[in-house]
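A.B. asks: Just so it is clear, I am handing over upload-v4.cif, which has mmCIF, C-alpha atoms and all ligand atoms.
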data_structure
#
loop_
_atom_site.group_PDB
_atom_site.id
_atom_site.type_symbol
_atom_site.label_atom_id
_atom_site.label_comp_id
_atom_site.auth_asym_id
_atom_site.auth_seq_id
_atom_site.Cartn_x
_atom_site.Cartn_y
_atom_site.Cartn_z
ATOM 1 C CA MET M 1 96.101 116.777 128.310
ATOM 2 C CA LYS M 2 98.523 114.536 130.107
ATOM 3 C CA ALA M 3 95.680 112.224 131.167
ATOM 4 C CA LEU M 4 94.585 112.032 127.525
ATOM 5 C CA LEU M 5 98.096 111.069 126.441
ATOM 6 C CA VAL M 6 98.207 108.312 129.047
ATOM 7 C CA ALA M 7 94.784 106.998 128.038
ATOM 8 C CA ARG M 8 95.372 107.067 124.296
ATOM 9 C CA VAL M 9 99.047 106.191 123.937
ATOM 10 C CA VAL M 10 100.680 104.905 127.099
ATOM 11 C CA VAL M 11 97.992 102.377 128.070
ATOM 12 C CA PRO M 12 97.777 100.752 124.592
ATOM 13 C CA ALA M 13 101.589 100.759 124.382
ATOM 14 C CA VAL M 14 101.887 98.963 127.704
ATOM 15 C CA LEU M 15 99.165 96.500 126.651
ATOM 16 C CA THR M 16 101.025 95.898 123.386
ATOM 17 C CA ALA M 17 104.234 95.140 125.226
ATOM 18 C CA VAL M 18 102.484 92.823 127.705
ATOM 19 C CA ALA M 19 100.506 90.954 125.023
ATOM 20 C CA GLY M 20 103.619 90.674 122.846
ATOM 21 C CA ALA M 21 105.570 89.257 125.776
ATOM 22 C CA VAL M 22 102.741 86.783 126.503
ATOM 23 C CA ALA M 23 102.706 85.712 122.847
ATOM 24 C CA VAL M 24 106.465 85.187 122.719
ATOM 25 C CA GLY M 25 106.480 83.491 126.133
ATOM 26 C CA SER M 26 103.649 81.153 125.088
ATOM 27 C CA LEU M 27 105.566 80.263 121.952
ATOM 28 C CA VAL M 28 108.766 79.548 123.838
ATOM 29 C CA LEU M 29 106.945 77.463 126.460
ATOM 30 C CA GLY M 30 105.145 75.454 123.773
ATOM 31 C CA ALA M 31 101.598 76.609 124.549
ATOM 32 C CA GLU M 32 98.679 75.580 122.346
ATOM 33 C CA ALA M 33 98.184 77.490 119.095
ATOM 34 C CA PRO M 34 94.950 79.271 120.175
ATOM 35 C CA VAL M 35 96.690 80.794 123.240
ATOM 36 C CA VAL M 36 99.580 82.133 121.190
ATOM 37 C CA GLY M 37 97.217 83.307 118.459
ATOM 38 C CA LEU M 38 94.972 85.177 120.915
ATOM 39 C CA ALA M 39 97.907 86.893 122.605
ATOM 40 C CA ALA M 40 99.404 87.863 119.241
ATOM 41 C CA ALA M 41 96.046 89.157 118.001
ATOM 42 C CA PHE M 42 95.568 91.242 121.149
ATOM 43 C CA ALA M 43 99.072 92.660 120.759
ATOM 44 C CA LEU M 44 98.293 93.541 117.145
ATOM 45 C CA VAL M 45 95.118 95.418 118.080
ATOM 46 C CA ALA M 46 96.745 97.244 120.998
ATOM 47 C CA GLY M 47 99.749 98.087 118.840
ATOM 48 C CA GLY M 48 97.496 99.448 116.114
ATOM 49 C CA VAL M 49 95.651 101.659 118.601
ATOM 50 C CA THR M 50 98.958 102.905 120.015
ATOM 51 C CA VAL M 51 100.393 103.767 116.625
ATOM 52 C CA ALA M 52 97.201 105.500 115.489
ATOM 53 C CA ALA M 53 96.985 107.556 118.683
ATOM 54 C CA GLY M 54 100.689 108.377 118.546
ATOM 55 C CA VAL M 55 100.561 109.491 114.919
ATOM 56 C CA HIS M 56 97.637 111.701 115.780
ATOM 57 C CA ARG M 57 99.629 113.231 118.625
ATOM 58 C CA LEU M 58 102.762 113.708 116.549
ATOM 59 C CA ALA M 59 101.025 115.250 113.579
ATOM 60 C CA PRO M 60 99.449 118.496 114.765
ATOM 61 C CA ALA M 61 97.004 120.204 112.455
ATOM 62 C CA GLU M 62 99.032 123.436 112.477
ATOM 63 C CA PRO M 63 102.692 123.800 111.386
ATOM 64 C CA ASP M 64 104.828 123.207 114.427
ATOM 65 C CA VAL M 65 108.346 124.394 115.264
ATOM 66 C CA GLU M 66 110.138 122.193 117.743
ATOM 67 C CA THR M 67 112.089 124.167 120.332
ATOM 68 C CA ARG M 68 115.027 122.860 122.326
ATOM 69 C CA GLU M 69 112.801 122.669 125.417
ATOM 70 C CA GLN M 70 110.191 120.554 123.591
ATOM 71 C CA LYS M 71 112.735 118.038 122.371
ATOM 72 C CA GLY M 72 112.763 115.864 125.477
ATOM 73 C CA PRO M 73 109.042 115.030 125.747
ATOM 74 C CA ARG M 74 108.700 114.732 121.934
ATOM 75 C CA LEU M 75 111.580 112.273 121.842
ATOM 76 C CA ARG M 76 110.013 110.228 124.612
ATOM 77 C CA ARG M 77 106.798 110.024 122.632
ATOM 78 C CA ARG M 78 108.693 108.926 119.568
ATOM 79 C CA GLN M 79 110.507 106.274 121.564
ATOM 80 C CA LEU M 80 107.172 105.119 122.873
ATOM 81 C CA LEU M 81 105.859 104.841 119.342
ATOM 82 C CA LEU M 82 108.954 103.016 118.196
ATOM 83 C CA GLY M 83 108.545 100.568 121.068
ATOM 84 C CA ALA M 84 104.905 99.993 120.231
ATOM 85 C CA GLY M 85 105.824 99.491 116.577
ATOM 86 C CA ALA M 86 108.500 96.958 117.526
ATOM 87 C CA GLY M 87 106.016 95.128 119.762
ATOM 88 C CA THR M 88 103.498 95.007 116.936
ATOM 89 C CA ALA M 89 106.125 93.722 114.498
ATOM 90 C CA ALA M 90 107.134 91.017 116.991
ATOM 91 C CA ALA M 91 103.489 90.021 117.441
ATOM 92 C CA VAL M 92 103.024 89.783 113.666
ATOM 93 C CA ALA M 93 106.173 87.657 113.411
ATOM 94 C CA VAL M 94 104.916 85.342 116.154
ATOM 95 C CA ALA M 95 101.443 85.115 114.612
ATOM 96 C CA VAL M 96 102.934 84.092 111.252
ATOM 97 C CA ALA M 97 105.858 81.982 112.426
ATOM 98 C CA PHE M 98 104.077 79.908 115.059
ATOM 99 C CA PRO M 99 101.475 78.149 112.903
ATOM 100 C CA ALA M 100 104.047 77.747 110.120
ATOM 101 C CA SER M 101 106.616 76.134 112.406
ATOM 102 C CA ARG M 102 103.956 73.856 113.928
ATOM 103 C CA ARG M 103 102.876 72.711 110.470
ATOM 104 C CA VAL M 104 106.436 72.034 109.332
ATOM 105 C CA SER M 105 107.159 70.194 112.558
ATOM 106 C CA ASP M 106 103.941 68.115 112.342
ATOM 107 C CA ALA M 107 104.626 67.234 108.726
ATOM 108 C CA THR M 108 108.189 66.209 109.520
ATOM 109 C CA ASP M 109 107.001 64.045 112.404
ATOM 110 C CA ARG M 110 104.461 62.362 110.167
ATOM 111 C CA LEU M 111 107.201 61.587 107.652
ATOM 112 C CA ARG M 112 109.537 60.197 110.283
ATOM 113 C CA THR M 113 107.032 57.894 111.949
ATOM 114 C CA THR M 114 104.635 55.165 110.802
ATOM 115 C CA HIS M 115 101.775 53.194 112.343
ATOM 116 C CA TRP M 116 104.187 50.709 113.911
ATOM 117 C CA PHE M 117 104.688 50.991 117.651
ATOM 118 C CA ASP M 118 105.784 48.818 120.533
ATOM 119 C CA GLY M 119 103.026 46.207 120.920
ATOM 120 C CA ALA M 120 101.513 46.524 117.415
ATOM 121 C CA ARG M 121 100.501 43.093 116.129
ATOM 122 C CA VAL M 122 101.745 42.003 112.712
ATOM 123 C CA VAL M 123 99.023 41.146 110.164
ATOM 124 C CA ASP M 124 99.099 40.081 106.521
ATOM 125 C CA ALA M 125 97.482 41.898 103.591
ATOM 126 C CA ASP M 126 94.104 40.358 104.560
ATOM 127 C CA GLY M 127 94.365 41.656 108.102
ATOM 128 C CA GLU M 128 95.031 38.187 109.557
ATOM 129 C CA LEU M 129 97.417 37.948 112.497
ATOM 130 C CA VAL M 130 100.731 36.336 111.556
ATOM 131 C CA ARG M 131 101.957 33.392 113.635
ATOM 132 C CA ALA M 132 105.688 32.714 113.570
ATOM 133 C CA ASP M 133 105.243 28.976 113.002
ATOM 134 C CA GLU M 134 102.977 29.551 109.984
ATOM 135 C CA VAL M 135 105.687 31.327 107.977
ATOM 136 C CA ALA M 136 107.592 28.886 105.782
ATOM 137 C CA ASP M 137 111.361 29.010 105.253
ATOM 138 C CA GLY M 138 112.260 31.240 102.299
ATOM 139 C CA GLU M 139 108.795 32.824 102.274
ATOM 140 C CA LEU M 140 108.372 36.559 101.740
ATOM 141 C CA LEU M 141 105.170 38.193 103.006
ATOM 142 C CA THR M 142 103.854 41.732 102.821
ATOM 143 C CA VAL M 143 102.710 42.730 106.297
ATOM 144 C CA TYR M 144 101.173 45.710 108.115
ATOM 145 C CA PRO M 145 100.485 46.788 111.658
ATOM 146 C CA GLU M 146 97.051 45.651 112.834
ATOM 147 C CA HIS M 147 94.375 48.305 112.063
ATOM 148 C CA ALA M 148 96.586 49.937 109.397
ATOM 149 C CA VAL M 149 96.337 47.475 106.515
ATOM 150 C CA GLY M 150 97.119 49.295 103.256
ATOM 151 C CA SER M 151 99.131 52.047 104.928
ATOM 152 C CA VAL M 152 101.781 53.098 102.408
ATOM 153 C CA ASP M 153 104.501 54.129 104.830
ATOM 154 C CA SER M 154 103.907 51.205 107.215
ATOM 155 C CA GLN M 155 103.958 48.394 104.656
ATOM 156 C CA ALA M 156 106.738 45.931 105.306
ATOM 157 C CA VAL M 157 108.237 42.706 103.986
ATOM 158 C CA LEU M 158 108.642 39.740 106.295
ATOM 159 C CA VAL M 159 111.093 36.995 105.447
ATOM 160 C CA ARG M 160 111.979 33.754 107.189
ATOM 161 C CA GLU M 161 115.335 32.060 106.790
ATOM 162 C CA GLY M 162 117.476 29.725 108.867
ATOM 163 C CA GLU M 163 118.658 31.616 111.935
ATOM 164 C CA ASP M 164 122.282 30.801 111.128
ATOM 165 C CA ARG M 165 122.016 32.646 107.790
ATOM 166 C CA PHE M 166 121.568 36.050 109.448
ATOM 167 C CA SER M 167 124.536 38.221 110.322
ATOM 168 C CA PRO M 168 122.868 41.337 111.745
ATOM 169 C CA ASP M 169 124.527 44.319 113.395
ATOM 170 C CA ALA M 170 125.431 43.619 117.024
ATOM 171 C CA GLU M 171 122.589 45.718 118.471
ATOM 172 C CA ARG M 172 120.040 43.853 116.298
ATOM 173 C CA MET M 173 120.857 40.295 117.364
ATOM 174 C CA ASP M 174 117.391 39.830 118.892
ATOM 175 C CA TRP M 175 115.447 41.541 116.078
ATOM 176 C CA THR M 176 115.084 38.304 114.094
ATOM 177 C CA PRO M 177 113.403 35.774 116.428
ATOM 178 C CA ALA M 178 113.027 32.282 114.908
ATOM 179 C CA GLY M 179 114.844 33.533 111.793
ATOM 180 C CA ILE M 180 112.106 36.061 110.923
ATOM 181 C CA ALA M 181 113.106 39.551 109.846
ATOM 182 C CA VAL M 182 110.857 42.487 108.899
ATOM 183 C CA TYR M 183 111.923 45.495 106.804
ATOM 184 C CA SER M 184 110.232 48.503 105.235
ATOM 185 C CA LYS M 185 108.823 47.634 101.827
ATOM 186 C CA LEU M 186 109.777 51.047 100.399
ATOM 187 C CA CYS M 187 113.059 51.328 98.510
ATOM 188 C CA THR M 188 115.365 53.911 100.055
ATOM 189 C CA HIS M 189 116.204 55.324 96.623
ATOM 190 C CA MET M 190 112.838 56.634 95.384
ATOM 191 C CA ALA M 191 110.363 54.659 97.492
ATOM 192 C CA CYS M 192 109.296 52.043 94.943
ATOM 193 C CA PRO M 193 107.637 49.047 96.634
ATOM 194 C CA LEU M 194 109.999 46.084 96.876
ATOM 195 C CA GLY M 195 109.040 42.463 96.339
ATOM 196 C CA LEU M 196 111.522 40.550 94.183
ATOM 197 C CA TYR M 197 113.191 38.227 96.675
ATOM 198 C CA GLN M 198 116.118 36.041 95.683
ATOM 199 C CA GLN M 199 116.135 33.352 98.318
ATOM 200 C CA GLN M 200 119.533 31.893 97.489
ATOM 201 C CA SER M 201 121.347 35.144 98.218
ATOM 202 C CA GLY M 202 118.795 36.495 100.702
ATOM 203 C CA THR M 203 118.557 39.726 98.716
ATOM 204 C CA LEU M 204 115.654 41.939 97.701
ATOM 205 C CA LEU M 205 115.690 43.640 94.298
ATOM 206 C CA CYS M 206 113.995 46.947 93.505
ATOM 207 C CA PRO M 207 112.148 46.732 90.167
ATOM 208 C CA CYS M 208 112.521 50.464 89.470
ATOM 209 C CA HIS M 209 116.295 51.024 89.254
ATOM 210 C CA GLN M 210 117.660 47.659 90.397
ATOM 211 C CA ALA M 211 118.900 48.516 93.865
ATOM 212 C CA VAL M 212 119.727 45.362 95.843
ATOM 213 C CA PHE M 213 119.316 44.985 99.622
ATOM 214 C CA ASP M 214 120.724 42.254 101.843
ATOM 215 C CA LEU M 215 117.931 41.035 104.134
ATOM 216 C CA LEU M 216 120.351 38.761 105.973
ATOM 217 C CA ASP M 217 122.612 41.668 106.925
ATOM 218 C CA SER M 218 120.441 44.404 108.467
ATOM 219 C CA GLY M 219 118.967 45.403 105.078
ATOM 220 C CA ARG M 220 122.291 46.773 103.814
ATOM 221 C CA ALA M 221 122.232 48.389 100.334
ATOM 222 C CA LEU M 222 124.525 46.208 98.190
ATOM 223 C CA GLN M 223 124.326 47.774 94.748
ATOM 224 C CA GLY M 224 122.326 50.162 92.582
ATOM 225 C CA PRO M 225 121.420 53.791 93.295
ATOM 226 C CA ALA M 226 120.156 53.278 96.860
ATOM 227 C CA ARG M 227 122.683 54.345 99.501
ATOM 228 C CA ARG M 228 120.735 53.687 102.706
ATOM 229 C CA ALA M 229 119.911 50.308 104.227
ATOM 230 C CA LEU M 230 116.271 49.285 104.412
ATOM 231 C CA PRO M 231 114.825 50.398 107.764
ATOM 232 C CA GLN M 232 114.280 47.298 109.919
ATOM 233 C CA LEU M 233 111.391 46.643 112.276
ATOM 234 C CA PRO M 234 112.339 45.107 115.625
ATOM 235 C CA ILE M 235 109.934 42.260 116.428
ATOM 236 C CA ARG M 236 109.274 39.575 119.058
ATOM 237 C CA ILE M 237 107.042 36.538 119.374
ATOM 238 C CA ASP M 238 104.372 36.666 122.073
ATOM 239 C CA ASP M 239 103.287 33.767 124.308
ATOM 240 C CA ASP M 240 100.672 32.679 121.771
ATOM 241 C CA GLY M 241 103.190 32.560 118.933
ATOM 242 C CA TYR M 242 102.114 35.772 117.176
ATOM 243 C CA LEU M 243 104.531 38.350 115.821
ATOM 244 C CA ILE M 244 104.572 41.692 117.623
ATOM 245 C CA ALA M 245 106.468 44.894 116.813
ATOM 246 C CA ARG M 246 108.822 46.257 119.441
ATOM 247 C CA GLY M 247 108.728 49.802 118.104
ATOM 248 C CA ASP M 248 108.804 51.745 114.848
ATOM 249 C CA PHE M 249 111.277 51.189 111.994
ATOM 250 C CA SER M 250 114.942 51.771 112.755
ATOM 251 C CA ASP M 251 115.044 54.761 110.384
ATOM 252 C CA ALA M 252 112.800 56.965 108.205
ATOM 253 C CA VAL M 253 111.211 54.929 105.414
ATOM 254 C CA GLY M 254 111.427 55.623 101.676
ATOM 255 C CA THR M 255 113.738 58.302 100.360
ATOM 256 C CA GLY M 256 114.114 59.606 103.915
ATOM 257 C CA PHE M 257 115.476 62.994 102.784
ATOM 258 C CA TRP M 258 113.769 64.579 105.803
ATOM 259 C CA GLY M 259 115.993 62.567 108.106
ATOM 260 C CA ARG M 260 119.245 63.743 106.567
ATOM 261 C CA PRO M 261 121.369 66.473 108.129
HETATM 262 S S1 LIG F 301 113.390 53.307 93.532
HETATM 263 FE FE1 LIG F 301 114.475 51.513 94.021
HETATM 264 S S2 LIG F 301 116.289 51.695 92.963
HETATM 265 FE FE2 LIG F 301 115.249 53.470 92.472
#
Please go through the file and, once you have read it, give me the structure as structure tokens.

C.D. replies:
Amino acid sequence: MKALLVARVVVPAVLTAVAGAVAVGSLVLGAEAPVVGLAAAFALVAGGVTVAAGVHRLAPAEPDVETREQKGPRLRRRQLLLGAGAGTAAAVAVAVAFPASRRVSDATDRLRTTHWFDGARVVDADGELVRADEVADGELLTVYPEHAVGSVDSQAVLVREGEDRFSPDAERMDWTPAGIAVYSKLCTHMACPLGLYQQQSGTLLCPCHQAVFDLLDSGRALQGPARRALPQLPIRIDDDGYLIARGDFSDAVGTGFWGRP
């Protein structure tokens, strides 16, 4: 009888606890989804077997009167069942929470980052590389990272003005080589594409709700409903005169609500 109890209840309960611990440990250590999923699934099956076997043991076919002497072992069995149930519940929680958290995290990462990276070459809307000396003073160009022409979140505006017209933040002094600055093309209010450049003031106007951004001063929002500055792209000029990104935008593009506390 005792051997039967061990085989039907104790072994599955121990397996449940071990598999549950593996699932939780894998989650904490950042293991791949299939590993966590397999461990959680195994814990679920073992937990189910434990509970079924335990219920069978605790529900005798005949009416049963529990004596004081029986209380100890019966309580231990109940505790065992409760433990197995808790392990199963934890495994279910892990199985549900892990893929969900991964998806939320992946989606957030995708919203925070674009196709720009350190070393990405700047191209125009036709995919042609942009040379610094081919951009005229006062010109505004729509540009993309090479191999991502048309990307909505990576689209950017490039402007060239006299170097002495810029008054960037201290840490951005070298982000505008040869008087060329690049900003996200998406308005920080509701992500309308920007394109109305007023050269005299060096400002960019949003056609949707008339937000105004100062391209000569780190993309600062001057007026209108937008509160955030336009994210700026740090750039450099390579030895052949082409424009190269030095990283991604300085901040999340568009409405950027995912980047707010
Ligand atoms: S989307 Fe630009 S001001 Fe509203």

A.B. asks: Dump as a tab-separated table the rows for residues of chain M within 12 Å of ligand LIG 301 (chain F): closest atom pair and distance in Å with one decimal, only C-alpha atoms and all ligand atoms counted, ordered by chain and rising residue number.

C.D. replies:
residue	atom	partner	partner_atom	distance
M:Lys185	CA	F:LIG301	FE1	10.4
M:Leu186	CA	F:LIG301	FE1	7.9
M:Cys187	CA	F:LIG301	FE1	4.7
M:Thr188	CA	F:LIG301	FE1	6.6
M:His189	CA	F:LIG301	S1	4.6
M:Met190	CA	F:LIG301	S1	3.8
M:Ala191	CA	F:LIG301	S1	5.2
M:Cys192	CA	F:LIG301	S1	4.5
M:Pro193	CA	F:LIG301	FE1	7.7
M:Leu194	CA	F:LIG301	FE1	7.6
M:Gly195	CA	F:LIG301	FE1	10.8
M:Leu196	CA	F:LIG301	FE1	11.4
M:Leu204	CA	F:LIG301	FE1	10.3
M:Leu205	CA	F:LIG301	FE1	8.0
M:Cys206	CA	F:LIG301	FE1	4.6
M:Pro207	CA	F:LIG301	FE1	6.6
M:Cys208	CA	F:LIG301	S1	5.0
M:His209	CA	F:LIG301	S2	3.8
M:Gln210	CA	F:LIG301	S2	5.0
M:Ala211	CA	F:LIG301	S2	4.2
M:Val212	CA	F:LIG301	S2	7.8
M:Phe213	CA	F:LIG301	FE1	9.9
M:Ala221	CA	F:LIG301	S2	10.0
M:Leu222	CA	F:LIG301	S2	11.2
M:Gln223	CA	F:LIG301	S2	9.1
M:Gly224	CA	F:LIG301	S2	6.2
M:Pro225	CA	F:LIG301	S2	5.6
M:Ala226	CA	F:LIG301	S2	5.7
M:Arg227	CA	F:LIG301	S2	9.5
M:Arg228	CA	F:LIG301	S2	10.9
M:Ala229	CA	F:LIG301	FE1	11.6
M:Leu230	CA	F:LIG301	FE1	10.8
M:Gly254	CA	F:LIG301	S1	8.7
M:Thr255	CA	F:LIG301	S1	8.5

A.B. asks: Could you check how far atom CA of M:Val123 sits from atom CA of M:Tyr197, in Å to one decimal?

C.D. replies: 19.8 Å

A.B. asks: Would you translate the PyMOL selection byres (((chain M and resi 141) around 9) and not hetatm) into the concrete set of residues it matches in this file, as a list in words?

C.D. replies: Asp124, Ala125, Val135, Glu139, Leu140, Thr142, Val143, Ala156, Val157, Leu158, Val159 and Gly195 of chain M

A.B. asks: I want to know what sits within 9 Å of stretch 247-251 of chain M, based on all atoms listed in the file, with residues of the same chain fewer than 6 positions away left out; could you give that as a PyMOL selection string?

C.D. replies: chain M and resi 112-120+154+183-184+230-235+259

A.B. asks: Please evaluate the PyMOL selection byres (((chain M and resi 126-128) around 12) and not hetatm) against the structure above and give the resulting residues as a PDB file with C-alpha atoms, in the frame of the given file.

C.D. replies:
ATOM      1  CA  ARG M 121     100.501  43.093 116.129  1.00  0.00           C
ATOM      2  CA  VAL M 122     101.745  42.003 112.712  1.00  0.00           C
ATOM      3  CA  VAL M 123      99.023  41.146 110.164  1.00  0.00           C
ATOM      4  CA  ASP M 124      99.099  40.081 106.521  1.00  0.00           C
ATOM      5  CA  ALA M 125      97.482  41.898 103.591  1.00  0.00           C
ATOM      6  CA  LEU M 129      97.417  37.948 112.497  1.00  0.00           C
ATOM      7  CA  VAL M 130     100.731  36.336 111.556  1.00  0.00           C
ATOM      8  CA  ARG M 131     101.957  33.392 113.635  1.00  0.00           C
ATOM      9  CA  GLU M 134     102.977  29.551 109.984  1.00  0.00           C
ATOM     10  CA  LEU M 141     105.170  38.193 103.006  1.00  0.00           C
ATOM     11  CA  THR M 142     103.854  41.732 102.821  1.00  0.00           C
ATOM     12  CA  VAL M 143     102.710  42.730 106.297  1.00  0.00           C
ATOM     13  CA  TYR M 144     101.173  45.710 108.115  1.00  0.00           C
ATOM     14  CA  PRO M 145     100.485  46.788 111.658  1.00  0.00           C
ATOM     15  CA  GLU M 146      97.051  45.651 112.834  1.00  0.00           C
ATOM     16  CA  HIS M 147      94.375  48.305 112.063  1.00  0.00           C
ATOM     17  CA  ALA M 148      96.586  49.937 109.397  1.00  0.00           C
ATOM     18  CA  VAL M 149      96.337  47.475 106.515  1.00  0.00           C
ATOM     19  CA  GLY M 150      97.119  49.295 103.256  1.00  0.00           C
ATOM     20  CA  SER M 151      99.131  52.047 104.928  1.00  0.00           C
ATOM     21  CA  TYR M 242     102.114  35.772 117.176  1.00  0.00           C
ATOM     22  CA  LEU M 243     104.531  38.350 115.821  1.00  0.00           C
TER      23      LEU M 243
END

A.B. asks: Give the answer as one residue: which of M:Val45, M:Val182, M:Leu216, M:Ala132 has the shortest atom-to-atom distance to M:Gly162, using only C-alpha atoms?

C.D. replies: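 Closest candidate: M:Leu216.
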
A.B. asks: Work out how far apart atom CA of M:Ser167 and atom CA of M:Val152 are and give it in Å to one decimal.

C.D. replies: 28.3 Å

A.B. asks: Name the residues, using the chain letters and numbers of the file, that sit within 10 Å of (114.7, 37.6, 121.2) when counting all atoms listed in the file, and give them as a list in words.

C.D. replies: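 Here the neighbourhood of the point contains Arg172, Met173, Asp174, Trp175, Thr176, Pro177, Ala178, Pro234, Ile235, Arg236 and Ile237 of chain M.
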
A.B. asks: Between atom CA of M:Val253 and atom CA of M:Ala181, what is the distance, to one decimal in Å?

C.D. replies: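 Between these atoms lies a distance of 16.1 Å.
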
A.B. asks: If I wrap all listed atoms of stretch 148-153 of chain M in a box with edges along x, y and z and add 3 Å on each side, what are its centre and edge lengths in Å to one decimal, as AutoDock Vina command-line options?

C.D. replies:
--center_x 100.4 --center_y 50.8 --center_z 105.9 --size_x 14.2 --size_y 12.7 --size_z 13.0
